[in-house]
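File shown: model_12.cif (mmCIF, N, CA and C atoms; chains and numbers go by the auth columns).
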```
data_structure
loop_
_atom_site.group_PDB
_atom_site.id
_atom_site.type_symbol
_atom_site.label_atom_id
_atom_site.label_comp_id
_atom_site.label_asym_id
_atom_site.label_seq_id
_atom_site.Cartn_x
_atom_site.Cartn_y
_atom_site.Cartn_z
_atom_site.B_iso_or_equiv
_atom_site.auth_seq_id
_atom_site.auth_asym_id
ATOM 1 N N LYS A 1 -4.168 2.894 12.343 0.00 199 C
ATOM 2 C CA LYS A 1 -4.727 2.076 11.281 0.00 199 C
ATOM 3 C C LYS A 1 -3.665 1.601 10.287 0.00 199 C
ATOM 4 N N PRO A 2 -2.757 2.455 9.806 0.00 200 C
ATOM 5 C CA PRO A 2 -1.769 1.934 8.846 0.00 200 C
ATOM 6 C C PRO A 2 -0.873 0.854 9.453 0.00 200 C
ATOM 7 N N ARG A 3 -0.579 0.985 10.739 0.00 201 C
ATOM 8 C CA ARG A 3 0.261 -0.023 11.392 0.00 201 C
ATOM 9 C C ARG A 3 -0.461 -1.368 11.442 0.00 201 C
ATOM 10 N N TYR A 4 -1.735 -1.335 11.773 0.00 202 C
ATOM 11 C CA TYR A 4 -2.538 -2.559 11.817 0.00 202 C
ATOM 12 C C TYR A 4 -2.604 -3.210 10.433 0.00 202 C
ATOM 13 N N LEU A 5 -2.891 -2.401 9.410 0.00 203 C
ATOM 14 C CA LEU A 5 -2.994 -2.933 8.049 0.00 203 C
ATOM 15 C C LEU A 5 -1.650 -3.467 7.565 0.00 203 C
ATOM 16 N N ALA A 6 -0.566 -2.767 7.879 0.00 204 C
ATOM 17 C CA ALA A 6 0.758 -3.245 7.485 0.00 204 C
ATOM 18 C C ALA A 6 1.052 -4.602 8.120 0.00 204 C
ATOM 19 N N GLY A 7 0.657 -4.766 9.369 0.00 205 C
ATOM 20 C CA GLY A 7 0.837 -6.047 10.047 0.00 205 C
ATOM 21 C C GLY A 7 0.037 -7.159 9.393 0.00 205 C
ATOM 22 N N LYS A 8 -1.201 -6.859 9.008 0.00 206 C
ATOM 23 C CA LYS A 8 -2.020 -7.853 8.311 0.00 206 C
ATOM 24 C C LYS A 8 -1.408 -8.212 6.968 0.00 206 C
ATOM 25 N N MET A 9 -0.916 -7.215 6.252 0.00 207 C
ATOM 26 C CA MET A 9 -0.329 -7.458 4.936 0.00 207 C
ATOM 27 C C MET A 9 0.959 -8.263 5.045 0.00 207 C
ATOM 28 N N LEU A 10 1.638 -8.120 6.155 0.00 208 C
ATOM 29 C CA LEU A 10 2.862 -8.881 6.396 0.00 208 C
ATOM 30 C C LEU A 10 2.574 -10.382 6.446 0.00 208 C
ATOM 31 N N ARG A 11 1.392 -10.741 6.917 0.00 209 C
ATOM 32 C CA ARG A 11 1.027 -12.152 7.090 0.00 209 C
ATOM 33 C C ARG A 11 0.219 -12.727 5.929 0.00 209 C
ATOM 34 N N MET A 12 -0.083 -11.920 4.925 0.00 210 C
ATOM 35 C CA MET A 12 -0.870 -12.397 3.779 0.00 210 C
ATOM 36 C C MET A 12 -0.051 -13.339 2.908 0.00 210 C
ATOM 37 N N SER A 13 -0.760 -14.174 2.187 0.00 211 C
ATOM 38 C CA SER A 13 -0.081 -14.993 1.181 0.00 211 C
ATOM 39 C C SER A 13 0.468 -14.067 0.097 0.00 211 C
ATOM 40 N N ASP A 14 1.408 -14.575 -0.687 0.00 212 C
ATOM 41 C CA ASP A 14 1.971 -13.762 -1.777 0.00 212 C
ATOM 42 C C ASP A 14 0.879 -13.288 -2.730 0.00 212 C
ATOM 43 N N GLU A 15 -0.055 -14.166 -3.030 0.00 213 C
ATOM 44 C CA GLU A 15 -1.129 -13.823 -3.969 0.00 213 C
ATOM 45 C C GLU A 15 -2.054 -12.757 -3.393 0.00 213 C
ATOM 46 N N ALA A 16 -2.421 -12.900 -2.127 0.00 214 C
ATOM 47 C CA ALA A 16 -3.299 -11.917 -1.488 0.00 214 C
ATOM 48 C C ALA A 16 -2.610 -10.557 -1.406 0.00 214 C
ATOM 49 N N LEU A 17 -1.320 -10.565 -1.104 0.00 215 C
ATOM 50 C CA LEU A 17 -0.577 -9.301 -1.035 0.00 215 C
ATOM 51 C C LEU A 17 -0.524 -8.630 -2.396 0.00 215 C
ATOM 52 N N LEU A 18 -0.355 -9.405 -3.434 0.00 216 C
ATOM 53 C CA LEU A 18 -0.335 -8.856 -4.789 0.00 216 C
ATOM 54 C C LEU A 18 -1.666 -8.156 -5.097 0.00 216 C
ATOM 55 N N ILE A 19 -2.755 -8.789 -4.741 0.00 217 C
ATOM 56 C CA ILE A 19 -4.074 -8.189 -4.967 0.00 217 C
ATOM 57 C C ILE A 19 -4.239 -6.926 -4.127 0.00 217 C
ATOM 58 N N LYS A 20 -3.811 -6.955 -2.883 0.00 218 C
ATOM 59 C CA LYS A 20 -3.944 -5.794 -1.997 0.00 218 C
ATOM 60 C C LYS A 20 -3.119 -4.619 -2.515 0.00 218 C
ATOM 61 N N LEU A 21 -1.907 -4.885 -2.971 0.00 219 C
ATOM 62 C CA LEU A 21 -1.073 -3.810 -3.514 0.00 219 C
ATOM 63 C C LEU A 21 -1.681 -3.232 -4.795 0.00 219 C
ATOM 64 N N ALA A 22 -2.229 -4.095 -5.635 0.00 220 C
ATOM 65 C CA ALA A 22 -2.887 -3.620 -6.858 0.00 220 C
ATOM 66 C C ALA A 22 -4.101 -2.761 -6.506 0.00 220 C
ATOM 67 N N ASP A 23 -4.825 -3.141 -5.477 0.00 221 C
ATOM 68 C CA ASP A 23 -5.973 -2.363 -5.025 0.00 221 C
ATOM 69 C C ASP A 23 -5.541 -0.987 -4.518 0.00 221 C
ATOM 70 N N ARG A 24 -4.449 -0.945 -3.750 0.00 222 C
ATOM 71 C CA ARG A 24 -3.969 0.351 -3.250 0.00 222 C
ATOM 72 C C ARG A 24 -3.524 1.225 -4.413 0.00 222 C
ATOM 73 N N LEU A 25 -2.862 0.642 -5.392 0.00 223 C
ATOM 74 C CA LEU A 25 -2.443 1.413 -6.565 0.00 223 C
ATOM 75 C C LEU A 25 -3.660 1.986 -7.276 0.00 223 C
ATOM 76 N N ASP A 26 -4.683 1.172 -7.459 0.00 224 C
ATOM 77 C CA ASP A 26 -5.906 1.641 -8.109 0.00 224 C
ATOM 78 C C ASP A 26 -6.565 2.760 -7.295 0.00 224 C
ATOM 79 N N ASN A 27 -6.622 2.593 -5.989 0.00 225 C
ATOM 80 C CA ASN A 27 -7.215 3.627 -5.132 0.00 225 C
ATOM 81 C C ASN A 27 -6.445 4.940 -5.226 0.00 225 C
ATOM 82 N N LEU A 28 -5.126 4.861 -5.319 0.00 226 C
ATOM 83 C CA LEU A 28 -4.328 6.077 -5.447 0.00 226 C
ATOM 84 C C LEU A 28 -4.656 6.830 -6.737 0.00 226 C
ATOM 85 N N SER A 29 -5.000 6.100 -7.774 0.00 227 C
ATOM 86 C CA SER A 29 -5.300 6.753 -9.050 0.00 227 C
ATOM 87 C C SER A 29 -6.657 7.449 -9.029 0.00 227 C
ATOM 88 N N ASP A 30 -7.492 7.161 -8.040 0.00 228 C
ATOM 89 C CA ASP A 30 -8.826 7.759 -7.939 0.00 228 C
ATOM 90 C C ASP A 30 -8.924 8.854 -6.882 0.00 228 C
ATOM 91 N N LEU A 31 -7.817 9.295 -6.322 0.00 229 C
ATOM 92 C CA LEU A 31 -7.871 10.238 -5.199 0.00 229 C
ATOM 93 C C LEU A 31 -8.477 11.591 -5.567 0.00 229 C
ATOM 94 N N GLN A 32 -8.424 11.974 -6.824 0.00 230 C
ATOM 95 C CA GLN A 32 -8.998 13.269 -7.199 0.00 230 C
ATOM 96 C C GLN A 32 -10.514 13.289 -6.983 0.00 230 C
ATOM 97 N N PHE A 33 -11.125 12.123 -6.865 0.00 231 C
ATOM 98 C CA PHE A 33 -12.568 12.033 -6.648 0.00 231 C
ATOM 99 C C PHE A 33 -12.927 11.840 -5.171 0.00 231 C
ATOM 100 N N ALA A 34 -11.931 11.695 -4.321 0.00 232 C
ATOM 101 C CA ALA A 34 -12.172 11.438 -2.900 0.00 232 C
ATOM 102 C C ALA A 34 -12.257 12.754 -2.125 0.00 232 C
ATOM 103 N N ASP A 35 -12.779 12.658 -0.892 0.00 233 C
ATOM 104 C CA ASP A 35 -12.825 13.865 -0.067 0.00 233 C
ATOM 105 C C ASP A 35 -11.409 14.269 0.336 0.00 233 C
ATOM 106 N N LYS A 36 -11.276 15.518 0.712 0.00 234 C
ATOM 107 C CA LYS A 36 -9.960 16.122 0.959 0.00 234 C
ATOM 108 C C LYS A 36 -9.161 15.390 2.047 0.00 234 C
ATOM 109 N N ASP A 37 -9.813 15.070 3.151 0.00 235 C
ATOM 110 C CA ASP A 37 -9.125 14.385 4.247 0.00 235 C
ATOM 111 C C ASP A 37 -8.563 13.037 3.794 0.00 235 C
ATOM 112 N N PHE A 38 -9.381 12.265 3.123 0.00 236 C
ATOM 113 C CA PHE A 38 -8.952 10.944 2.654 0.00 236 C
ATOM 114 C C PHE A 38 -7.820 11.072 1.636 0.00 236 C
ATOM 115 N N SER A 39 -7.930 12.035 0.717 0.00 237 C
ATOM 116 C CA SER A 39 -6.914 12.170 -0.328 0.00 237 C
ATOM 117 C C SER A 39 -5.569 12.621 0.225 0.00 237 C
ATOM 118 N N HIS A 40 -5.550 13.206 1.418 0.00 238 C
ATOM 119 C CA HIS A 40 -4.281 13.556 2.067 0.00 238 C
ATOM 120 C C HIS A 40 -3.749 12.406 2.919 0.00 238 C
ATOM 121 N N ARG A 41 -4.663 11.702 3.579 0.00 239 C
ATOM 122 C CA ARG A 41 -4.274 10.629 4.498 0.00 239 C
ATOM 123 C C ARG A 41 -3.830 9.353 3.770 0.00 239 C
ATOM 124 N N TYR A 42 -4.527 8.984 2.724 0.00 240 C
ATOM 125 C CA TYR A 42 -4.284 7.699 2.057 0.00 240 C
ATOM 126 C C TYR A 42 -2.859 7.561 1.514 0.00 240 C
ATOM 127 N N PRO A 43 -2.312 8.561 0.828 0.00 241 C
ATOM 128 C CA PRO A 43 -0.917 8.419 0.362 0.00 241 C
ATOM 129 C C PRO A 43 0.090 8.282 1.509 0.00 241 C
ATOM 130 N N ARG A 44 -0.120 9.013 2.597 0.00 242 C
ATOM 131 C CA ARG A 44 0.784 8.892 3.757 0.00 242 C
ATOM 132 C C ARG A 44 0.717 7.490 4.347 0.00 242 C
ATOM 133 N N GLU A 45 -0.497 6.965 4.485 0.00 243 C
ATOM 134 C CA GLU A 45 -0.659 5.615 5.008 0.00 243 C
ATOM 135 C C GLU A 45 -0.011 4.596 4.071 0.00 243 C
ATOM 136 N N THR A 46 -0.166 4.793 2.794 0.00 244 C
ATOM 137 C CA THR A 46 0.401 3.873 1.807 0.00 244 C
ATOM 138 C C THR A 46 1.925 3.885 1.869 0.00 244 C
ATOM 139 N N LYS A 47 2.525 5.069 2.005 0.00 245 C
ATOM 140 C CA LYS A 47 3.988 5.160 2.142 0.00 245 C
ATOM 141 C C LYS A 47 4.462 4.371 3.353 0.00 245 C
ATOM 142 N N TYR A 48 3.761 4.523 4.472 0.00 246 C
ATOM 143 C CA TYR A 48 4.118 3.790 5.683 0.00 246 C
ATOM 144 C C TYR A 48 4.043 2.286 5.442 0.00 246 C
ATOM 145 N N ILE A 49 2.965 1.850 4.831 0.00 247 C
ATOM 146 C CA ILE A 49 2.735 0.420 4.610 0.00 247 C
ATOM 147 C C ILE A 49 3.812 -0.182 3.706 0.00 247 C
ATOM 148 N N VAL A 50 4.112 0.460 2.574 0.00 248 C
ATOM 149 C CA VAL A 50 5.090 -0.137 1.663 0.00 248 C
ATOM 150 C C VAL A 50 6.495 -0.121 2.272 0.00 248 C
ATOM 151 N N LYS A 51 6.812 0.915 3.043 0.00 249 C
ATOM 152 C CA LYS A 51 8.107 0.934 3.724 0.00 249 C
ATOM 153 C C LYS A 51 8.192 -0.207 4.741 0.00 249 C
ATOM 154 N N TYR A 52 7.123 -0.407 5.487 0.00 250 C
ATOM 155 C CA TYR A 52 7.061 -1.479 6.474 0.00 250 C
ATOM 156 C C TYR A 52 7.226 -2.840 5.802 0.00 250 C
ATOM 157 N N LEU A 53 6.550 -3.030 4.679 0.00 251 C
ATOM 158 C CA LEU A 53 6.660 -4.302 3.960 0.00 251 C
ATOM 159 C C LEU A 53 8.086 -4.538 3.469 0.00 251 C
ATOM 160 N N PHE A 54 8.711 -3.504 2.915 0.00 252 C
ATOM 161 C CA PHE A 54 10.079 -3.650 2.423 0.00 252 C
ATOM 162 C C PHE A 54 11.037 -4.037 3.538 0.00 252 C
ATOM 163 N N MET A 55 10.810 -3.491 4.722 0.00 253 C
ATOM 164 C CA MET A 55 11.724 -3.749 5.835 0.00 253 C
ATOM 165 C C MET A 55 11.469 -5.094 6.523 0.00 253 C
ATOM 166 N N ASN A 56 10.254 -5.629 6.403 0.00 254 C
ATOM 167 C CA ASN A 56 9.880 -6.777 7.228 0.00 254 C
ATOM 168 C C ASN A 56 9.395 -8.009 6.491 0.00 254 C
ATOM 169 N N ARG A 57 9.376 -7.981 5.179 0.00 255 C
ATOM 170 C CA ARG A 57 8.847 -9.121 4.437 0.00 255 C
ATOM 171 C C ARG A 57 9.686 -9.368 3.194 0.00 255 C
ATOM 172 N N GLU A 58 9.823 -10.635 2.877 0.00 256 C
ATOM 173 C CA GLU A 58 10.444 -10.990 1.605 0.00 256 C
ATOM 174 C C GLU A 58 9.393 -10.781 0.512 0.00 256 C
ATOM 175 N N LEU A 59 9.725 -9.952 -0.460 0.00 257 C
ATOM 176 C CA LEU A 59 8.784 -9.594 -1.515 0.00 257 C
ATOM 177 C C LEU A 59 9.190 -10.234 -2.833 0.00 257 C
ATOM 178 N N THR A 60 8.199 -10.606 -3.606 0.00 258 C
ATOM 179 C CA THR A 60 8.469 -11.158 -4.936 0.00 258 C
ATOM 180 C C THR A 60 8.761 -10.002 -5.893 0.00 258 C
ATOM 181 N N SER A 61 9.232 -10.331 -7.077 0.00 259 C
ATOM 182 C CA SER A 61 9.495 -9.280 -8.065 0.00 259 C
ATOM 183 C C SER A 61 8.192 -8.580 -8.466 0.00 259 C
ATOM 184 N N ALA A 62 7.085 -9.312 -8.481 0.00 260 C
ATOM 185 C CA ALA A 62 5.789 -8.690 -8.800 0.00 260 C
ATOM 186 C C ALA A 62 5.379 -7.701 -7.704 0.00 260 C
ATOM 187 N N HIS A 63 5.601 -8.051 -6.441 0.00 261 C
ATOM 188 C CA HIS A 63 5.319 -7.129 -5.338 0.00 261 C
ATOM 189 C C HIS A 63 6.161 -5.868 -5.494 0.00 261 C
ATOM 190 N N LYS A 64 7.441 -6.064 -5.759 0.00 262 C
ATOM 191 C CA LYS A 64 8.350 -4.918 -5.883 0.00 262 C
ATOM 192 C C LYS A 64 7.950 -4.018 -7.051 0.00 262 C
ATOM 193 N N GLN A 65 7.502 -4.619 -8.132 0.00 263 C
ATOM 194 C CA GLN A 65 7.086 -3.816 -9.285 0.00 263 C
ATOM 195 C C GLN A 65 5.835 -2.993 -8.942 0.00 263 C
ATOM 196 N N LEU A 66 4.877 -3.600 -8.288 0.00 264 C
ATOM 197 C CA LEU A 66 3.687 -2.842 -7.878 0.00 264 C
ATOM 198 C C LEU A 66 4.039 -1.730 -6.901 0.00 264 C
ATOM 199 N N ILE A 67 4.936 -2.004 -5.981 0.00 265 C
ATOM 200 C CA ILE A 67 5.363 -0.971 -5.030 0.00 265 C
ATOM 201 C C ILE A 67 6.065 0.162 -5.764 0.00 265 C
ATOM 202 N N GLN A 68 6.841 -0.169 -6.771 0.00 266 C
ATOM 203 C CA GLN A 68 7.491 0.874 -7.578 0.00 266 C
ATOM 204 C C GLN A 68 6.427 1.759 -8.256 0.00 266 C
ATOM 205 N N TYR A 69 5.392 1.158 -8.802 0.00 267 C
ATOM 206 C CA TYR A 69 4.287 1.924 -9.402 0.00 267 C
ATOM 207 C C TYR A 69 3.593 2.789 -8.341 0.00 267 C
ATOM 208 N N ILE A 70 3.367 2.209 -7.174 0.00 268 C
ATOM 209 C CA ILE A 70 2.727 2.956 -6.080 0.00 268 C
ATOM 210 C C ILE A 70 3.579 4.167 -5.711 0.00 268 C
ATOM 211 N N ASN A 71 4.879 3.957 -5.530 0.00 269 C
ATOM 212 C CA ASN A 71 5.764 5.068 -5.166 0.00 269 C
ATOM 213 C C ASN A 71 5.807 6.133 -6.254 0.00 269 C
ATOM 214 N N GLY A 72 5.647 5.739 -7.500 0.00 270 C
ATOM 215 C CA GLY A 72 5.614 6.718 -8.589 0.00 270 C
ATOM 216 C C GLY A 72 4.328 7.516 -8.631 0.00 270 C
ATOM 217 N N THR A 73 3.288 6.995 -8.000 0.00 271 C
ATOM 218 C CA THR A 73 1.986 7.653 -7.985 0.00 271 C
ATOM 219 C C THR A 73 1.859 8.633 -6.812 0.00 271 C
ATOM 220 N N ILE A 74 2.545 8.297 -5.725 0.00 272 C
ATOM 221 C CA ILE A 74 2.420 9.110 -4.498 0.00 272 C
ATOM 222 C C ILE A 74 3.144 10.440 -4.680 0.00 272 C
#
```
Starting from the coordinates I provided, produce the structure as structure tokens.
Amino acid sequence: KPRYLAGKMLRMSDEALLIKLADRLDNLSDLQFADKDFSHRYPRETKYIVKYLFMNRELTSAHKQLIQYINGTI
């Protein structure tokens, strides 16, 4: 699943990617309310996705800033 999502995010417009990254950041902040399996899996999947994006996509400064926030949350 993370590989599939990373591939989709690779093809998103800059604006759509910005929204998706903001959504992942918001979801990470709510993990204390999620079930145990999800709260362990979601950060690992997110790490994979942001690493994949950094290696395979040209990112704007706004994307990079959101990814920095995400990495600080994980």
### For C:Ala204: contacts at 9 Å, only C-alpha atoms, fewer than 2 positions along chain excluded, given as a ChimeraX atom specification
/C:199-202,206-209,246-248,250-251
### Message
What parts of chain C does DSSP call alpha helix (DSSP H)? I'd like the answer as a ChimeraX atom specification.
### Response
/C:200-208,212-227,234-254,259-271
Using the chain letters and residue numbers of this document, give as a tab-separated table (two decimals) with N, CA and C atoms, in the frame of the given file the residues selected by the PyMOL selection byres (((chain C and resi 257 and name CA) around 12) and name CA).
```tsv
chain	number	residue	atom	x	y	z
C	207	MET	N	-0.92	-7.22	6.25
C	207	MET	CA	-0.33	-7.46	4.94
C	207	MET	C	0.96	-8.26	5.04
C	208	LEU	N	1.64	-8.12	6.16
C	208	LEU	CA	2.86	-8.88	6.40
C	208	LEU	C	2.57	-10.38	6.45
C	209	ARG	N	1.39	-10.74	6.92
C	209	ARG	CA	1.03	-12.15	7.09
C	209	ARG	C	0.22	-12.73	5.93
C	210	MET	N	-0.08	-11.92	4.92
C	210	MET	CA	-0.87	-12.40	3.78
C	210	MET	C	-0.05	-13.34	2.91
C	211	SER	N	-0.76	-14.17	2.19
C	211	SER	CA	-0.08	-14.99	1.18
C	211	SER	C	0.47	-14.07	0.10
C	212	ASP	N	1.41	-14.58	-0.69
C	212	ASP	CA	1.97	-13.76	-1.78
C	212	ASP	C	0.88	-13.29	-2.73
C	213	GLU	N	-0.06	-14.17	-3.03
C	213	GLU	CA	-1.13	-13.82	-3.97
C	213	GLU	C	-2.05	-12.76	-3.39
C	215	LEU	N	-1.32	-10.56	-1.10
C	215	LEU	CA	-0.58	-9.30	-1.03
C	215	LEU	C	-0.52	-8.63	-2.40
C	216	LEU	N	-0.36	-9.40	-3.43
C	216	LEU	CA	-0.34	-8.86	-4.79
C	216	LEU	C	-1.67	-8.16	-5.10
C	219	LEU	N	-1.91	-4.88	-2.97
C	219	LEU	CA	-1.07	-3.81	-3.51
C	219	LEU	C	-1.68	-3.23	-4.80
C	248	VAL	N	4.11	0.46	2.57
C	248	VAL	CA	5.09	-0.14	1.66
C	248	VAL	C	6.50	-0.12	2.27
C	249	LYS	N	6.81	0.92	3.04
C	249	LYS	CA	8.11	0.93	3.72
C	249	LYS	C	8.19	-0.21	4.74
C	250	TYR	N	7.12	-0.41	5.49
C	250	TYR	CA	7.06	-1.48	6.47
C	250	TYR	C	7.23	-2.84	5.80
C	251	LEU	N	6.55	-3.03	4.68
C	251	LEU	CA	6.66	-4.30	3.96
C	251	LEU	C	8.09	-4.54	3.47
C	252	PHE	N	8.71	-3.50	2.92
C	252	PHE	CA	10.08	-3.65	2.42
C	252	PHE	C	11.04	-4.04	3.54
C	253	MET	N	10.81	-3.49	4.72
C	253	MET	CA	11.72	-3.75	5.84
C	253	MET	C	11.47	-5.09	6.52
C	254	ASN	N	10.25	-5.63	6.40
C	254	ASN	CA	9.88	-6.78	7.23
C	254	ASN	C	9.40	-8.01	6.49
C	255	ARG	N	9.38	-7.98	5.18
C	255	ARG	CA	8.85	-9.12	4.44
C	255	ARG	C	9.69	-9.37	3.19
C	256	GLU	N	9.82	-10.64	2.88
C	256	GLU	CA	10.44	-10.99	1.60
C	256	GLU	C	9.39	-10.78	0.51
C	258	THR	N	8.20	-10.61	-3.61
C	258	THR	CA	8.47	-11.16	-4.94
C	258	THR	C	8.76	-10.00	-5.89
C	259	SER	N	9.23	-10.33	-7.08
C	259	SER	CA	9.49	-9.28	-8.06
C	259	SER	C	8.19	-8.58	-8.47
C	260	ALA	N	7.08	-9.31	-8.48
C	260	ALA	CA	5.79	-8.69	-8.80
C	260	ALA	C	5.38	-7.70	-7.70
C	261	HIS	N	5.60	-8.05	-6.44
C	261	HIS	CA	5.32	-7.13	-5.34
C	261	HIS	C	6.16	-5.87	-5.49
C	262	LYS	N	7.44	-6.06	-5.76
C	262	LYS	CA	8.35	-4.92	-5.88
C	262	LYS	C	7.95	-4.02	-7.05
C	263	GLN	N	7.50	-4.62	-8.13
C	263	GLN	CA	7.09	-3.82	-9.28
C	263	GLN	C	5.84	-2.99	-8.94
C	264	LEU	N	4.88	-3.60	-8.29
C	264	LEU	CA	3.69	-2.84	-7.88
C	264	LEU	C	4.04	-1.73	-6.90
C	265	ILE	N	4.94	-2.00	-5.98
C	265	ILE	CA	5.36	-0.97	-5.03
C	265	ILE	C	6.06	0.16	-5.76
```
### Query
Hey, can you check how far atom CA of C:Thr271 sits from atom CA of C:Asp224?
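These atoms are spaced 9.9 Å apart.
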Around all the atoms of stretch 227-232 of chain C listed in the file, with 4 Å of room on each side, what axis-aligned box do you get, giving centre and edge lengths in Å to one decimal, as JSON?
```
{"center_x": -9.0, "center_y": 9.7, "center_z": -5.6, "size_x": 15.9, "size_y": 15.2, "size_z": 14.9}
```
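Take atom N of C:Leu229 and atom C of C:Ile272: the distance between them is 11.1 Å.
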Write a file for stretch 234-251 of chain C of the given structure; include N, CA, C and O atoms and format it as a PDB file, in the first residue's frame.
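So the final result, stored in decode-v6.pdb, reads:
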```
ATOM      1  N   LYS C 234      -4.073   0.499  17.845  1.00  0.00           N
ATOM      2  CA  LYS C 234      -2.640   0.223  18.006  1.00  0.00           C
ATOM      3  C   LYS C 234      -1.950  -0.148  16.684  1.00  0.00           C
ATOM      4  O   LYS C 234      -0.876   0.353  16.384  1.00  0.00           O
ATOM      5  N   ASP C 235      -2.575  -1.018  15.910  1.00  0.00           N
ATOM      6  CA  ASP C 235      -1.983  -1.440  14.640  1.00  0.00           C
ATOM      7  C   ASP C 235      -1.777  -0.252  13.700  1.00  0.00           C
ATOM      8  O   ASP C 235      -0.706  -0.079  13.125  1.00  0.00           O
ATOM      9  N   PHE C 236      -2.797   0.558  13.561  1.00  0.00           N
ATOM     10  CA  PHE C 236      -2.716   1.721  12.672  1.00  0.00           C
ATOM     11  C   PHE C 236      -1.663   2.710  13.168  1.00  0.00           C
ATOM     12  O   PHE C 236      -0.888   3.246  12.381  1.00  0.00           O
ATOM     13  N   SER C 237      -1.617   2.947  14.482  1.00  0.00           N
ATOM     14  CA  SER C 237      -0.678   3.933  15.017  1.00  0.00           C
ATOM     15  C   SER C 237       0.772   3.488  14.879  1.00  0.00           C
ATOM     16  O   SER C 237       1.680   4.320  14.918  1.00  0.00           O
ATOM     17  N   HIS C 238       1.011   2.194  14.697  1.00  0.00           N
ATOM     18  CA  HIS C 238       2.371   1.707  14.435  1.00  0.00           C
ATOM     19  C   HIS C 238       2.688   1.703  12.941  1.00  0.00           C
ATOM     20  O   HIS C 238       3.799   1.998  12.528  1.00  0.00           O
ATOM     21  N   ARG C 239       1.689   1.353  12.137  1.00  0.00           N
ATOM     22  CA  ARG C 239       1.889   1.226  10.691  1.00  0.00           C
ATOM     23  C   ARG C 239       1.977   2.584   9.980  1.00  0.00           C
ATOM     24  O   ARG C 239       2.812   2.781   9.093  1.00  0.00           O
ATOM     25  N   TYR C 240       1.139   3.517  10.360  1.00  0.00           N
ATOM     26  CA  TYR C 240       1.032   4.790   9.638  1.00  0.00           C
ATOM     27  C   TYR C 240       2.345   5.579   9.610  1.00  0.00           C
ATOM     28  O   TYR C 240       2.741   6.063   8.548  1.00  0.00           O
ATOM     29  N   PRO C 241       3.054   5.725  10.727  1.00  0.00           N
ATOM     30  CA  PRO C 241       4.341   6.447  10.657  1.00  0.00           C
ATOM     31  C   PRO C 241       5.372   5.753   9.760  1.00  0.00           C
ATOM     32  O   PRO C 241       6.096   6.428   9.020  1.00  0.00           O
ATOM     33  N   ARG C 242       5.414   4.427   9.790  1.00  0.00           N
ATOM     34  CA  ARG C 242       6.350   3.695   8.914  1.00  0.00           C
ATOM     35  C   ARG C 242       6.009   3.929   7.449  1.00  0.00           C
ATOM     36  O   ARG C 242       6.897   4.164   6.623  1.00  0.00           O
ATOM     37  N   GLU C 243       4.721   3.864   7.125  1.00  0.00           N
ATOM     38  CA  GLU C 243       4.295   4.109   5.753  1.00  0.00           C
ATOM     39  C   GLU C 243       4.623   5.543   5.337  1.00  0.00           C
ATOM     40  O   GLU C 243       5.068   5.784   4.214  1.00  0.00           O
ATOM     41  N   THR C 244       4.423   6.471   6.228  1.00  0.00           N
ATOM     42  CA  THR C 244       4.691   7.879   5.933  1.00  0.00           C
ATOM     43  C   THR C 244       6.178   8.104   5.679  1.00  0.00           C
ATOM     44  O   THR C 244       6.550   8.824   4.744  1.00  0.00           O
ATOM     45  N   LYS C 245       7.040   7.482   6.484  1.00  0.00           N
ATOM     46  CA  LYS C 245       8.491   7.593   6.263  1.00  0.00           C
ATOM     47  C   LYS C 245       8.861   7.089   4.876  1.00  0.00           C
ATOM     48  O   LYS C 245       9.648   7.709   4.159  1.00  0.00           O
ATOM     49  N   TYR C 246       8.298   5.950   4.488  1.00  0.00           N
ATOM     50  CA  TYR C 246       8.567   5.396   3.165  1.00  0.00           C
ATOM     51  C   TYR C 246       8.134   6.372   2.076  1.00  0.00           C
ATOM     52  O   TYR C 246       8.877   6.638   1.120  1.00  0.00           O
ATOM     53  N   ILE C 247       6.942   6.907   2.218  1.00  0.00           N
ATOM     54  CA  ILE C 247       6.377   7.798   1.202  1.00  0.00           C
ATOM     55  C   ILE C 247       7.219   9.066   1.046  1.00  0.00           C
ATOM     56  O   ILE C 247       7.557   9.452  -0.074  1.00  0.00           O
ATOM     57  N   VAL C 248       7.573   9.725   2.151  1.00  0.00           N
ATOM     58  CA  VAL C 248       8.319  10.977   2.018  1.00  0.00           C
ATOM     59  C   VAL C 248       9.733  10.724   1.484  1.00  0.00           C
ATOM     60  O   VAL C 248      10.251  11.527   0.701  1.00  0.00           O
ATOM     61  N   LYS C 249      10.333   9.599   1.859  1.00  0.00           N
ATOM     62  CA  LYS C 249      11.644   9.265   1.304  1.00  0.00           C
ATOM     63  C   LYS C 249      11.541   9.035  -0.206  1.00  0.00           C
ATOM     64  O   LYS C 249      12.371   9.526  -0.976  1.00  0.00           O
ATOM     65  N   TYR C 250      10.514   8.321  -0.621  1.00  0.00           N
ATOM     66  CA  TYR C 250      10.282   8.053  -2.036  1.00  0.00           C
ATOM     67  C   TYR C 250      10.082   9.357  -2.805  1.00  0.00           C
ATOM     68  O   TYR C 250      10.641   9.544  -3.891  1.00  0.00           O
ATOM     69  N   LEU C 251       9.300  10.263  -2.240  1.00  0.00           N
ATOM     70  CA  LEU C 251       9.064  11.549  -2.902  1.00  0.00           C
ATOM     71  C   LEU C 251      10.359  12.345  -3.039  1.00  0.00           C
ATOM     72  O   LEU C 251      10.625  12.934  -4.080  1.00  0.00           O
TER      73      LEU C 251
END
```
